[in-house]
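Raw contents of target_25.cif, mmCIF, C-alpha atoms:
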data_data
#
loop_
_atom_site.label_atom_id
_atom_site.label_comp_id
_atom_site.auth_asym_id
_atom_site.auth_seq_id
_atom_site.Cartn_x
_atom_site.Cartn_y
_atom_site.Cartn_z
CA MET O 6 45.35 9.47 46.79
CA ASP O 7 48.30 9.23 49.12
CA ILE O 8 48.77 12.48 51.04
CA ARG O 9 52.33 12.63 49.66
CA ASP O 10 50.95 12.75 46.10
CA PHE O 11 48.63 15.56 47.11
CA ASN O 12 51.52 17.49 48.64
CA GLU O 13 53.61 17.04 45.48
CA ILE O 14 50.85 18.58 43.34
CA ILE O 15 50.89 21.59 45.65
CA ILE O 16 54.69 21.87 45.76
CA GLU O 17 54.95 21.69 41.96
CA GLY O 18 53.02 24.95 41.93
CA LYS O 19 51.93 24.62 38.32
CA TYR O 20 49.30 27.21 37.35
CA ASP O 21 49.97 28.83 40.75
CA LEU O 22 48.38 25.91 42.58
CA ASP O 23 50.72 26.53 45.50
CA GLN O 24 48.53 29.59 46.15
CA LYS O 25 45.44 27.36 46.27
CA GLU O 26 46.69 24.98 48.96
CA GLU O 27 44.20 26.16 51.58
CA PHE O 28 41.29 25.76 49.18
CA LEU O 29 42.35 22.29 48.04
CA ARG O 30 42.76 21.14 51.62
CA SER O 31 39.28 22.46 52.38
CA VAL O 32 37.73 20.14 49.75
CA MET O 33 39.89 17.15 50.70
CA LEU O 34 37.99 14.22 52.22
CA PRO O 35 39.29 11.15 54.05
CA ALA O 36 38.90 7.89 52.15
CA ILE O 37 39.68 4.26 52.98
CA ILE O 38 40.86 2.01 50.16
CA ILE O 39 39.62 -1.60 50.40
CA GLU O 40 42.28 -4.04 49.16
CA GLN O 41 42.46 -7.79 48.81
CA ALA O 42 44.33 -9.36 51.71
CA THR O 43 47.36 -11.53 50.98
CA VAL O 44 48.60 -14.67 52.70
CA PHE O 45 51.09 -12.50 54.57
CA ASP O 46 48.42 -10.39 56.23
CA GLU O 47 46.93 -11.19 59.60
CA LYS O 48 43.48 -12.63 58.98
CA GLY O 49 40.72 -10.26 60.07
CA ILE O 50 36.94 -10.21 59.99
CA SER O 51 36.53 -7.83 57.04
CA LYS O 52 35.61 -9.56 53.78
CA TYR O 53 33.51 -9.73 50.65
CA GLY O 54 30.98 -12.55 50.41
CA GLY O 55 30.65 -15.72 52.47
CA ASN O 56 28.49 -15.88 55.58
CA PRO O 57 27.92 -12.63 57.49
CA LEU O 58 28.54 -12.30 61.22
CA VAL O 59 25.29 -11.17 62.84
CA PRO O 60 23.56 -11.15 66.26
CA GLY O 61 21.56 -14.21 67.32
CA ASN O 62 18.23 -12.43 66.79
CA PHE O 63 19.12 -11.14 63.30
CA GLU O 64 16.39 -11.40 60.66
CA TRP O 65 17.77 -11.73 57.14
CA PRO O 66 16.44 -8.77 55.07
CA LYS O 67 14.00 -9.58 52.27
CA HIS O 68 12.65 -7.77 49.22
CA GLU O 69 9.61 -8.61 47.11
CA PHE O 70 11.52 -11.10 44.95
CA GLY O 71 13.48 -12.88 47.66
CA ASP O 72 16.36 -12.39 50.06
CA TYR O 73 18.85 -9.57 49.94
CA LYS O 74 22.32 -10.74 49.03
CA PHE O 75 25.13 -10.34 51.55
CA ILE O 76 27.86 -8.30 49.90
CA ALA O 77 30.53 -7.43 52.46
CA GLN O 78 31.35 -6.78 56.09
CA PHE O 79 33.90 -4.30 57.42
CA HIS O 80 35.32 -4.53 60.93
CA LEU O 81 35.88 -0.87 61.67
CA SER O 82 38.59 -1.44 64.25
CA GLU O 83 40.71 -2.99 61.45
CA ILE O 84 40.85 0.38 59.68
CA PRO O 85 44.19 2.13 60.36
CA PRO O 86 43.97 5.12 62.74
CA GLY O 87 43.05 8.35 61.04
CA GLU O 88 40.54 11.16 60.85
CA ASN O 89 37.28 9.98 59.31
CA GLN O 90 33.57 10.01 60.10
CA LEU O 91 33.12 6.29 60.67
CA PRO O 92 32.68 4.79 64.16
CA LYS O 93 36.02 3.56 65.50
CA LYS O 94 34.72 0.09 66.33
CA GLY O 95 31.88 -2.23 65.41
CA LEU O 96 30.94 -4.04 62.20
CA LEU O 97 29.29 -2.68 59.05
CA SER O 98 27.36 -5.33 57.11
CA ILE O 99 26.32 -4.56 53.51
CA PHE O 100 23.39 -6.19 51.67
CA ALA O 101 22.01 -5.49 48.18
CA ALA O 102 18.72 -6.52 46.56
CA HIS O 103 20.44 -8.43 43.77
CA ASP O 104 18.60 -11.36 42.19
CA GLU O 105 19.58 -13.75 39.41
CA GLU O 106 17.08 -12.27 36.92
CA ASN O 107 18.23 -8.72 37.67
CA THR O 108 14.64 -7.79 38.44
CA LEU O 109 15.76 -5.09 40.84
CA THR O 110 18.12 -2.26 39.96
CA TRP O 111 19.98 0.49 41.77
CA THR O 112 17.15 2.93 40.98
CA ASP O 113 14.72 0.98 43.19
CA ASP O 114 13.99 2.15 46.72
CA ASN O 115 15.88 0.25 49.43
CA TYR O 116 18.15 -1.40 46.89
CA ALA O 117 20.85 -1.63 49.56
CA LYS O 118 20.75 -2.05 53.32
CA VAL O 119 23.54 -1.47 55.83
CA PHE O 120 23.53 -2.87 59.36
CA TYR O 121 25.83 -1.61 62.10
CA PHE O 122 26.65 -3.92 65.00
CA LYS O 123 28.53 -2.27 67.86
CA ASP O 124 29.29 -5.48 69.75
CA VAL O 125 31.40 -7.67 67.47
CA GLU O 126 32.41 -10.23 70.11
CA ASN O 127 29.00 -11.93 70.28
CA LEU O 128 28.27 -12.15 66.55
CA LYS O 129 27.83 -15.54 64.88
CA PRO O 130 27.97 -16.66 61.21
CA TYR O 131 24.59 -16.84 59.47
CA ASP O 132 24.35 -19.59 56.84
CA ASN O 133 21.56 -18.67 54.44
CA PRO O 134 20.72 -21.77 52.35
CA ASN O 135 19.37 -19.56 49.56
CA PHE O 136 22.97 -18.58 48.80
CA PRO O 137 24.92 -21.83 48.49
CA ASP O 138 28.08 -20.17 47.15
CA LYS O 139 30.12 -19.41 50.28
CA TYR O 140 33.24 -18.08 48.56
CA SER O 141 34.68 -15.08 50.37
CA LEU O 142 37.60 -12.70 49.97
CA ASP O 143 39.40 -11.21 52.96
CA VAL O 144 40.12 -7.51 52.69
CA ILE O 145 42.33 -4.96 54.41
CA PHE O 146 42.25 -1.15 54.49
CA LYS O 147 44.50 1.79 53.66
CA GLN O 148 43.86 5.38 54.74
CA VAL O 149 44.15 7.92 51.92
CA VAL O 150 42.72 11.33 51.02
CA ASP O 151 40.38 12.19 48.19
CA ILE O 152 39.94 15.37 46.21
CA PRO O 153 37.41 15.76 43.39
CA PHE O 154 38.33 14.40 39.98
CA LYS O 155 35.47 16.18 38.17
CA PRO O 156 34.56 19.89 38.24
CA GLU O 157 30.96 19.29 39.33
CA LEU O 158 32.17 17.58 42.51
CA TYR O 159 33.71 20.80 43.82
CA PRO O 160 31.31 22.30 46.38
CA VAL O 161 32.45 25.87 45.62
CA LYS O 162 34.44 27.55 42.88
CA GLY O 163 38.01 28.08 43.99
CA LEU O 164 40.06 27.23 40.91
CA ASN O 165 40.25 28.76 37.47
CA LYS O 166 39.68 26.57 34.41
CA LYS O 167 43.35 25.68 33.86
CA GLN O 168 43.86 24.85 37.53
CA MET O 169 40.72 22.75 37.61
CA ASN O 170 41.63 20.72 34.52
CA TYR O 171 45.16 20.16 35.80
CA VAL O 172 44.08 19.00 39.26
CA CYS O 173 41.39 16.66 37.91
CA THR O 174 43.91 15.13 35.50
CA LYS O 175 46.51 14.68 38.25
CA VAL O 176 44.00 13.00 40.57
CA LEU O 177 43.31 10.33 37.95
CA GLU O 178 47.01 9.99 37.09
CA ARG O 179 48.07 9.42 40.70
CA THR O 180 45.23 7.14 41.77
CA ASP O 181 43.58 3.93 40.59
CA LYS O 182 40.04 5.24 40.96
CA ARG O 183 38.84 3.17 38.01
CA TYR O 184 39.86 0.00 39.84
CA ASP O 185 39.56 0.95 43.51
CA SER O 186 36.86 0.12 46.00
CA TYR O 187 36.73 2.44 48.99
CA LEU O 188 34.79 3.82 51.92
CA LEU O 189 34.00 7.56 52.21
CA GLY O 190 35.66 10.03 49.84
CA TYR O 191 33.97 11.30 46.68
CA PRO O 192 31.90 9.14 44.33
CA TYR O 193 33.65 7.76 41.25
CA TYR O 194 31.52 7.64 38.13
CA ASN O 195 32.23 7.56 34.41
CA SER O 196 28.81 6.94 32.85
CA LEU O 197 26.68 9.51 34.66
CA ASP O 198 26.34 13.13 33.58
CA ALA O 199 26.22 14.59 37.07
CA ASP O 200 27.15 14.04 40.68
CA PRO O 201 24.97 11.08 41.80
CA ARG O 202 24.52 12.43 45.33
CA GLU O 203 21.01 13.75 45.91
CA ASN O 204 22.25 17.04 47.38
CA ASP O 205 25.00 18.45 49.59
CA ASN O 206 23.48 16.83 52.67
CA TRP O 207 24.60 13.42 51.40
CA THR O 208 28.08 11.92 51.26
CA THR O 209 29.63 8.71 49.97
CA LEU O 210 29.62 5.71 52.27
CA LEU O 211 30.89 3.03 49.87
CA THR O 212 32.11 2.79 46.28
CA LEU O 213 32.45 -0.89 45.39
CA ARG O 214 33.87 -2.03 42.08
CA TYR O 215 32.37 -5.19 40.62
CA GLN O 216 33.87 -8.51 41.70
CA SER O 217 32.76 -10.94 38.99
CA GLY O 218 34.62 -13.85 40.59
CA PHE O 219 31.81 -14.32 43.09
CA GLY O 220 28.82 -12.60 41.56
CA LEU O 221 29.26 -9.03 42.76
CA TYR O 222 28.47 -6.96 39.71
CA TRP O 223 25.98 -4.21 38.97
CA ASN O 224 24.92 -2.28 35.90
CA ASP O 225 27.07 -4.08 33.34
CA ARG O 226 30.10 -4.44 35.61
CA GLY O 227 29.95 -0.98 37.07
CA TYR O 228 30.06 0.24 40.66
CA LEU O 229 27.80 -0.09 43.64
CA MET O 230 27.72 3.36 45.23
CA LEU O 231 26.07 3.85 48.59
CA PHE O 232 25.34 7.28 50.05
CA ILE O 233 24.41 8.42 53.54
CA GLU O 234 23.23 11.68 55.04
CA LYS O 235 26.16 13.50 56.66
CA GLU O 236 24.20 14.12 59.85
CA LYS O 237 23.35 10.43 60.23
CA LEU O 238 26.90 9.32 59.49
CA ALA O 239 28.12 11.58 62.29
CA LYS O 240 25.70 9.82 64.64
CA GLY O 241 26.59 6.30 63.46
CA ASP O 242 23.08 5.85 62.06
CA PHE O 243 23.08 3.67 58.93
CA SER O 244 19.32 3.17 58.69
CA ASN O 245 18.79 5.32 55.58
CA ILE O 246 21.13 4.44 52.71
#
Would it be possible to restate this file's structure as C-alpha coordinates?
Amino acid sequence: MDIRDFNEIIIEGKYDLDQKEEFLRSVMLPAIIIEQATVFDEKGISKYGGNPLVPGNFEWPKHEFGDYKFIAQFHLSEIPPGENQLPKKGLLSIFAAHDEENTLTWTDDNYAKVFYFKDVENLKPYDNPNFPDKYSLDVIFKQVVDIPFKPELYPVKGLNKKQMNYVCTKVLERTDKRYDSYLLGYPYYNSLDADPRENDNWTTLLTLRYQSGFGLYWNDRGYLMLFIEKEKLAKGDFSNI
(Lines of atoms letter the chains of each structure in order from A and count residues from 1; the text may use other names and numbers.)
(Lines give C-alpha, C1' and ligand atoms only; values in the text may rest on other atoms or scores of the structure.)
Protein backbone atom coordinates (compact mmCIF):
# COMPACT_ATOMS: atom_id res chain seq x y z
CA MET A 1 0.00 0.00 0.00
CA ASP A 2 1.24 3.45 -0.86
CA ILE A 3 1.71 5.54 2.28
CA ARG A 4 -0.66 8.12 0.76
CA ASP A 5 -3.45 5.51 0.65
CA PHE A 6 -2.79 4.68 4.28
CA ASN A 7 -2.97 8.35 5.23
CA GLU A 8 -6.26 8.76 3.36
CA ILE A 9 -7.84 5.92 5.35
CA ILE A 10 -6.82 7.72 8.53
CA ILE A 11 -7.98 11.15 7.34
CA GLU A 12 -11.38 9.79 6.29
CA GLY A 13 -11.92 9.00 9.95
CA LYS A 14 -14.68 6.49 9.32
CA TYR A 15 -15.61 4.53 12.46
CA ASP A 16 -13.34 6.94 14.37
CA LEU A 17 -10.23 5.49 12.74
CA ASP A 18 -8.57 8.88 13.01
CA GLN A 19 -8.35 8.10 16.74
CA LYS A 20 -6.54 4.84 15.94
CA GLU A 21 -3.73 6.35 13.88
CA GLU A 22 -1.03 5.57 16.45
CA PHE A 23 -2.14 1.96 16.71
CA LEU A 24 -2.30 1.45 12.94
CA ARG A 25 1.15 2.95 12.50
CA SER A 26 2.44 0.59 15.18
CA VAL A 27 1.37 -2.47 13.14
CA MET A 28 2.55 -1.03 9.83
CA LEU A 29 5.48 -2.89 8.23
CA PRO A 30 7.75 -1.86 5.36
CA ALA A 31 7.28 -3.88 2.18
CA ILE A 32 9.01 -3.86 -1.21
CA ILE A 33 6.90 -4.60 -4.28
CA ILE A 34 8.71 -6.59 -7.00
CA GLU A 35 7.62 -5.46 -10.47
CA GLN A 36 8.52 -6.48 -13.99
CA ALA A 37 11.06 -4.11 -15.51
CA THR A 38 10.22 -2.38 -18.78
CA VAL A 39 12.43 -1.46 -21.72
CA PHE A 40 12.58 2.07 -20.33
CA ASP A 41 14.17 1.00 -17.06
CA GLU A 42 17.90 0.85 -16.51
CA LYS A 43 18.90 -2.81 -16.60
CA GLY A 44 19.91 -4.11 -13.18
CA ILE A 45 20.98 -7.42 -11.71
CA SER A 46 17.68 -8.31 -10.03
CA LYS A 47 15.65 -10.92 -11.91
CA TYR A 48 13.56 -14.06 -11.91
CA GLY A 49 15.08 -17.15 -13.52
CA GLY A 50 18.09 -17.48 -15.81
CA ASN A 51 21.58 -18.14 -14.48
CA PRO A 52 22.35 -16.95 -10.94
CA LEU A 53 25.37 -14.81 -10.10
CA VAL A 54 27.42 -16.66 -7.49
CA PRO A 55 30.99 -16.78 -6.09
CA GLY A 56 33.58 -18.94 -7.85
CA ASN A 57 33.52 -21.56 -5.08
CA PHE A 58 29.71 -21.85 -5.00
CA GLU A 59 28.29 -25.36 -4.73
CA TRP A 60 24.85 -25.69 -6.29
CA PRO A 61 22.41 -26.87 -3.56
CA LYS A 62 20.95 -30.35 -3.93
CA HIS A 63 18.04 -32.26 -2.43
CA GLU A 64 17.38 -36.01 -2.46
CA PHE A 65 15.71 -35.91 -5.89
CA GLY A 66 18.12 -33.60 -7.67
CA ASP A 67 19.21 -29.97 -7.83
CA TYR A 68 17.39 -27.07 -6.28
CA LYS A 69 15.90 -24.75 -8.86
CA PHE A 70 17.15 -21.16 -9.04
CA ILE A 71 14.15 -18.89 -8.61
CA ALA A 72 15.32 -15.28 -8.31
CA GLN A 73 18.07 -12.91 -7.28
CA PHE A 74 17.63 -9.47 -5.76
CA HIS A 75 20.40 -6.87 -5.77
CA LEU A 76 19.64 -5.07 -2.54
CA SER A 77 21.30 -1.81 -3.56
CA GLU A 78 18.68 -1.54 -6.35
CA ILE A 79 15.92 -1.20 -3.75
CA PRO A 80 14.91 2.47 -3.32
CA PRO A 81 16.08 4.07 -0.04
CA GLY A 82 13.76 3.48 2.86
CA GLU A 83 13.41 2.00 6.31
CA ASN A 84 13.44 -1.80 6.18
CA GLN A 85 15.28 -4.70 7.80
CA LEU A 86 17.18 -5.89 4.74
CA PRO A 87 20.92 -5.27 4.30
CA LYS A 88 21.50 -2.16 2.19
CA LYS A 89 23.83 -3.92 -0.26
CA GLY A 90 24.66 -7.41 -1.45
CA LEU A 91 22.70 -10.03 -3.38
CA LEU A 92 19.95 -12.37 -2.19
CA SER A 93 19.71 -15.58 -4.23
CA ILE A 94 16.57 -17.73 -3.89
CA PHE A 95 16.39 -21.48 -4.62
CA ALA A 96 13.47 -23.91 -4.19
CA ALA A 97 13.38 -27.71 -4.19
CA HIS A 98 11.02 -27.87 -7.15
CA ASP A 99 11.17 -30.94 -9.41
CA GLU A 100 9.21 -31.88 -12.52
CA GLU A 101 7.26 -34.65 -10.75
CA ASN A 102 6.37 -32.36 -7.84
CA THR A 103 7.84 -34.92 -5.47
CA LEU A 104 8.72 -32.21 -2.97
CA THR A 105 6.25 -29.74 -1.52
CA TRP A 106 6.37 -26.62 0.62
CA THR A 107 5.71 -28.72 3.73
CA ASP A 108 9.08 -30.49 3.39
CA ASP A 109 12.05 -29.36 5.46
CA ASN A 110 14.52 -27.14 3.59
CA TYR A 111 12.12 -26.65 0.69
CA ALA A 112 13.74 -23.28 0.01
CA LYS A 113 17.26 -21.96 0.46
CA VAL A 114 18.44 -18.35 0.43
CA PHE A 115 22.06 -17.31 -0.08
CA TYR A 116 23.36 -13.85 0.74
CA PHE A 117 26.47 -12.60 -1.04
CA LYS A 118 27.88 -9.34 0.32
CA ASP A 119 30.41 -8.80 -2.47
CA VAL A 120 28.48 -8.50 -5.72
CA GLU A 121 31.38 -7.26 -7.86
CA ASN A 122 33.16 -10.63 -8.04
CA LEU A 123 30.14 -12.84 -8.74
CA LYS A 124 29.93 -14.85 -11.97
CA PRO A 125 27.01 -16.52 -13.80
CA TYR A 126 26.56 -20.22 -13.02
CA ASP A 127 25.22 -22.26 -15.95
CA ASN A 128 23.64 -25.41 -14.56
CA PRO A 129 23.08 -27.85 -17.46
CA ASN A 130 20.27 -29.55 -15.54
CA PHE A 131 18.15 -26.45 -16.20
CA PRO A 132 18.38 -25.78 -19.94
CA ASP A 133 15.65 -23.11 -19.94
CA LYS A 134 17.55 -19.85 -19.39
CA TYR A 135 14.62 -17.47 -19.75
CA SER A 136 14.77 -14.65 -17.22
CA LEU A 137 12.71 -11.61 -16.29
CA ASP A 138 14.31 -8.42 -15.02
CA VAL A 139 12.60 -6.87 -12.02
CA ILE A 140 12.59 -3.53 -10.22
CA PHE A 141 11.40 -2.51 -6.75
CA LYS A 142 8.97 -0.07 -5.14
CA GLN A 143 8.91 0.79 -1.44
CA VAL A 144 5.46 0.62 0.14
CA VAL A 145 3.94 -0.05 3.57
CA ASP A 146 1.85 -3.01 4.65
CA ILE A 147 -0.85 -3.31 7.27
CA PRO A 148 -2.71 -6.55 7.99
CA PHE A 149 -5.57 -7.51 5.70
CA LYS A 150 -6.90 -10.24 8.02
CA PRO A 151 -7.82 -9.97 11.73
CA GLU A 152 -5.54 -12.83 12.80
CA LEU A 153 -2.51 -10.96 11.46
CA TYR A 154 -2.90 -8.19 14.04
CA PRO A 155 -0.39 -8.83 16.85
CA VAL A 156 -2.62 -7.15 19.46
CA LYS A 157 -6.24 -6.07 19.63
CA GLY A 158 -6.53 -2.36 18.97
CA LEU A 159 -9.61 -2.06 16.77
CA ASN A 160 -13.25 -2.87 17.36
CA LYS A 161 -15.06 -5.22 14.96
CA LYS A 162 -16.37 -2.49 12.63
CA GLN A 163 -12.98 -0.79 12.46
CA MET A 164 -11.24 -4.08 11.80
CA ASN A 165 -13.58 -5.10 8.98
CA TYR A 166 -13.33 -1.66 7.39
CA VAL A 167 -9.53 -1.51 7.49
CA CYS A 168 -9.11 -5.05 6.12
CA THR A 169 -11.52 -4.27 3.28
CA LYS A 170 -9.72 -1.01 2.46
CA VAL A 171 -6.31 -2.72 2.40
CA LEU A 172 -7.53 -5.13 -0.29
CA GLU A 173 -9.31 -2.35 -2.20
CA ARG A 174 -6.24 -0.12 -2.37
CA THR A 175 -3.64 -2.79 -3.10
CA ASP A 176 -3.10 -5.60 -5.60
CA LYS A 177 -2.12 -8.16 -2.99
CA ARG A 178 -3.68 -10.98 -5.00
CA TYR A 179 -1.30 -10.22 -7.86
CA ASP A 180 1.74 -8.74 -6.12
CA SER A 181 5.07 -10.31 -5.31
CA TYR A 182 6.98 -8.56 -2.55
CA LEU A 183 9.71 -8.67 0.06
CA LEU A 184 8.96 -8.21 3.78
CA GLY A 185 5.50 -7.04 4.86
CA TYR A 186 2.78 -9.44 6.00
CA PRO A 187 2.05 -12.80 4.36
CA TYR A 188 -0.75 -12.91 1.80
CA TYR A 189 -2.83 -16.06 1.86
CA ASN A 190 -6.33 -16.98 0.73
CA SER A 191 -6.46 -20.76 1.16
CA LEU A 192 -5.07 -21.17 4.67
CA ASP A 193 -7.15 -20.90 7.83
CA ALA A 194 -4.50 -19.18 9.92
CA ASP A 195 -1.39 -17.06 9.82
CA PRO A 196 1.27 -19.32 8.23
CA ARG A 197 4.10 -17.91 10.36
CA GLU A 198 5.25 -20.36 13.01
CA ASN A 199 5.06 -17.77 15.80
CA ASP A 200 5.70 -14.09 16.48
CA ASN A 201 9.46 -14.60 16.25
CA TRP A 202 9.14 -15.09 12.49
CA THR A 203 8.45 -12.54 9.77
CA THR A 204 7.91 -12.60 6.02
CA LEU A 205 10.98 -12.51 3.81
CA LEU A 206 9.36 -13.12 0.41
CA THR A 207 5.88 -13.58 -1.02
CA LEU A 208 6.23 -14.67 -4.65
CA ARG A 209 3.22 -15.10 -6.92
CA TYR A 210 3.46 -17.88 -9.49
CA GLN A 211 5.08 -17.05 -12.82
CA SER A 212 3.84 -19.79 -15.14
CA GLY A 213 5.67 -18.33 -18.14
CA PHE A 214 8.91 -19.89 -16.96
CA GLY A 215 7.89 -22.64 -14.59
CA LEU A 216 7.62 -20.78 -11.30
CA TYR A 217 4.45 -22.13 -9.76
CA TRP A 218 3.62 -23.83 -6.50
CA ASN A 219 0.56 -25.47 -4.99
CA ASP A 220 -1.76 -25.13 -7.97
CA ARG A 221 -0.56 -21.68 -8.99
CA GLY A 222 -0.38 -20.25 -5.51
CA TYR A 223 2.36 -18.36 -3.71
CA LEU A 224 5.82 -19.21 -2.51
CA MET A 225 6.09 -17.67 0.95
CA LEU A 226 9.42 -17.61 2.74
CA PHE A 227 9.79 -16.70 6.41
CA ILE A 228 12.79 -15.78 8.51
CA GLU A 229 13.39 -15.29 12.22
CA LYS A 230 13.31 -11.58 13.06
CA GLU A 231 16.54 -11.82 15.04
CA LYS A 232 18.39 -13.43 12.13
CA LEU A 233 17.01 -10.95 9.61
CA ALA A 234 18.37 -8.11 11.76
CA LYS A 235 21.80 -9.76 11.60
CA GLY A 236 21.66 -10.44 7.85
CA ASP A 237 21.65 -14.19 8.50
CA PHE A 238 19.60 -16.07 5.89
CA SER A 239 20.71 -19.58 6.83
CA ASN A 240 17.38 -20.70 8.31
CA ILE A 241 14.41 -20.08 6.02
| request: Name the residues in contact with segment 151-158 of chain O at a cut-off of 12 Å, using all atoms listed in the file, excluding same-chain residues fewer than 4 positions from it; report them as a ChimeraX atom specification. | output: /O:6-8,10-11,14,28-38,89,162-183,187-195,197-202,204-205,208-209
| query | Using all atoms listed in the file, what residues lie at most 7 Å away from (18.3, 6.4, 50.6) (file coordinates), given as a list in words? | reply | Asn115, Asn245 and Ile246 of chain O
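Matched in the shown structure by the PyMOL selection byres ((chain O and resi 214) around 6): O:Ser186, O:Leu213, O:Tyr215, O:Tyr228.
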| field | Near-Ser141 of chain O list (9 Å; all atoms listed in the file; drop same-chain fewer than 4 positions) as a list in words | value | Lys52, Tyr53, Gly54, Gly55, Asn56, Ala77 and Phe219 of chain O
Keeping C-alpha atoms, export the residues of the selection given above as a CSV table (one decimal), in the frame of the given file.
chain,number,residue,atom,x,y,z
O,52,LYS,CA,35.6,-9.6,53.8
O,53,TYR,CA,33.5,-9.7,50.6
O,54,GLY,CA,31.0,-12.6,50.4
O,55,GLY,CA,30.6,-15.7,52.5
O,56,ASN,CA,28.5,-15.9,55.6
O,77,ALA,CA,30.5,-7.4,52.5
O,219,PHE,CA,31.8,-14.3,43.1
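Atom CA of Asn127 of chain O to atom CA of Leu231 of chain O spans 27.0 Å [interatomic distance, one decimal].
On the file presented, the PyMOL selection byres ((chain O and resi 145) around 8) picks out Ile39, Glu40, Gln41, Ala42, Gly49, Ser51, Glu83, Ile84, Asp143, Val144, Phe146 and Lys147 of chain O.
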| request: Name the residues captured by the PyMOL selection byres ((chain O and resi 73) around 12) when it is applied to the shown file; answer as a list of chain:residue names. | output: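 Residues picked by the PyMOL selection byres ((chain O and resi 73) around 12): O:Glu64, O:Trp65, O:Pro66, O:Lys67, O:His68, O:Glu69, O:Phe70, O:Gly71, O:Asp72, O:Lys74, O:Phe75, O:Ile76, O:Ser98, O:Ile99, O:Phe100, O:Ala101, O:Ala102, O:His103, O:Asp104, O:Glu105, O:Leu109, O:Asn115, O:Tyr116, O:Ala117, O:Lys118, O:Val119, O:Asn133, O:Asn135, O:Phe136.
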| message | Quick check, in Å to one decimal: how far apart do atom CA of Tyr140 of chain O and atom CA of Gln78 of chain O lie? | response |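 Interatomic distance here is 13.7 Å.
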| In Å, with one decimal, what is the gap from atom CA of Val59 of chain O to atom CA of Asp113 of chain O? |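 Interatomic distance, atom CA of Val59 of chain O to atom CA of Asp113 of chain O: 25.4 Å.
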| Minimum-distance residue to Val150 of chain O, chosen among O:Pro134, O:Pro60, O:Gly241, O:Gly87 (using all atoms listed in the file) |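 Smallest distance to Val150 of chain O is found for O:Gly87.
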| request: Between O:Tyr131, O:Gln148, O:Tyr121, O:Glu26, single out the one closest to Pro85 of chain O, counting only C-alpha atoms. | output: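 Distance minimum relative to Pro85 of chain O lands on O:Gln148.
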| query | In terms of the shortest atom-to-atom distance over all atoms listed in the file, which of O:Trp207, O:Tyr159, O:Tyr184, O:Phe120 is closest to Asp242 of chain O? | reply |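 Of the candidates, the smallest distance to Asp242 of chain O is held by O:Phe120.
With only C-alpha atoms as the atoms that count, the residue of O:Phe232, O:Phe122, O:Phe243, O:Phe63 with the shortest distance to Asn206 of chain O is O:Phe232.
Using all atoms listed in the file for every distance, the candidate list O:Leu142, O:Pro86, O:Leu58, O:Lys93 yields O:Leu142 as the residue closest to Thr43 of chain O.
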How would segment 125-151 of chain O look with N, CA and C atoms restored, written as a CSV table (one decimal), in the frame of the given file?
chain,number,residue,atom,x,y,z
O,125,VAL,N,30.9,-6.7,68.4
O,125,VAL,CA,31.4,-7.7,67.5
O,125,VAL,C,31.7,-9.0,68.1
O,126,GLU,N,32.0,-9.0,69.4
O,126,GLU,CA,32.4,-10.2,70.1
O,126,GLU,C,31.3,-11.3,70.1
O,127,ASN,N,30.1,-10.9,70.2
O,127,ASN,CA,29.0,-11.9,70.3
O,127,ASN,C,28.3,-12.2,69.0
O,128,LEU,N,28.9,-11.9,67.8
O,128,LEU,CA,28.3,-12.2,66.6
O,128,LEU,C,28.6,-13.6,66.1
O,129,LYS,N,27.7,-14.2,65.4
O,129,LYS,CA,27.8,-15.5,64.9
O,129,LYS,C,27.6,-15.6,63.4
O,130,PRO,N,28.2,-16.5,62.7
O,130,PRO,CA,28.0,-16.7,61.2
O,130,PRO,C,26.5,-17.1,60.9
O,131,TYR,N,25.9,-16.5,59.9
O,131,TYR,CA,24.6,-16.8,59.5
O,131,TYR,C,24.7,-17.5,58.1
O,132,ASP,N,24.3,-18.8,58.1
O,132,ASP,CA,24.4,-19.6,56.8
O,132,ASP,C,23.0,-19.6,56.2
O,133,ASN,N,22.8,-18.8,55.2
O,133,ASN,CA,21.6,-18.7,54.4
O,133,ASN,C,21.6,-19.7,53.3
O,134,PRO,N,20.7,-20.7,53.4
O,134,PRO,CA,20.7,-21.8,52.4
O,134,PRO,C,20.3,-21.3,51.0
O,135,ASN,N,19.7,-20.1,50.9
O,135,ASN,CA,19.4,-19.6,49.6
O,135,ASN,C,20.6,-19.1,48.8
O,136,PHE,N,21.7,-19.0,49.5
O,136,PHE,CA,23.0,-18.6,48.8
O,136,PHE,C,24.0,-19.6,49.0
O,137,PRO,N,24.0,-20.7,48.3
O,137,PRO,CA,24.9,-21.8,48.5
O,137,PRO,C,26.4,-21.5,48.2
O,138,ASP,N,26.7,-20.5,47.4
O,138,ASP,CA,28.1,-20.2,47.2
O,138,ASP,C,28.6,-19.4,48.3
O,139,LYS,N,29.6,-20.0,49.1
O,139,LYS,CA,30.1,-19.4,50.3
O,139,LYS,C,31.5,-18.8,50.1
O,140,TYR,N,31.9,-18.6,48.8
O,140,TYR,CA,33.2,-18.1,48.6
O,140,TYR,C,33.3,-16.7,49.2
O,141,SER,N,34.5,-16.4,49.8
O,141,SER,CA,34.7,-15.1,50.4
O,141,SER,C,36.1,-14.6,50.1
O,142,LEU,N,36.3,-13.3,50.2
O,142,LEU,CA,37.6,-12.7,50.0
O,142,LEU,C,37.9,-11.8,51.1
O,143,ASP,N,39.0,-12.1,51.8
O,143,ASP,CA,39.4,-11.2,53.0
O,143,ASP,C,40.0,-9.9,52.4
O,144,VAL,N,39.7,-8.8,53.1
O,144,VAL,CA,40.1,-7.5,52.7
O,144,VAL,C,40.8,-6.8,53.8
O,145,ILE,N,41.7,-5.8,53.5
O,145,ILE,CA,42.3,-5.0,54.4
O,145,ILE,C,42.1,-3.5,53.9
O,146,PHE,N,42.6,-2.6,54.8
O,146,PHE,CA,42.2,-1.2,54.5
O,146,PHE,C,43.5,-0.3,54.5
O,147,LYS,N,43.4,0.8,53.7
O,147,LYS,CA,44.5,1.8,53.7
O,147,LYS,C,43.9,3.2,53.7
O,148,GLN,N,44.3,4.0,54.6
O,148,GLN,CA,43.9,5.4,54.7
O,148,GLN,C,44.5,6.3,53.7
O,149,VAL,N,43.7,7.0,52.9
O,149,VAL,CA,44.2,7.9,51.9
O,149,VAL,C,43.3,9.2,52.0
O,150,VAL,N,43.6,10.1,51.1
O,150,VAL,CA,42.7,11.3,51.0
O,150,VAL,C,42.1,11.4,49.6
O,151,ASP,N,41.0,12.1,49.5
O,151,ASP,CA,40.4,12.2,48.2
O,151,ASP,C,40.0,13.6,47.9
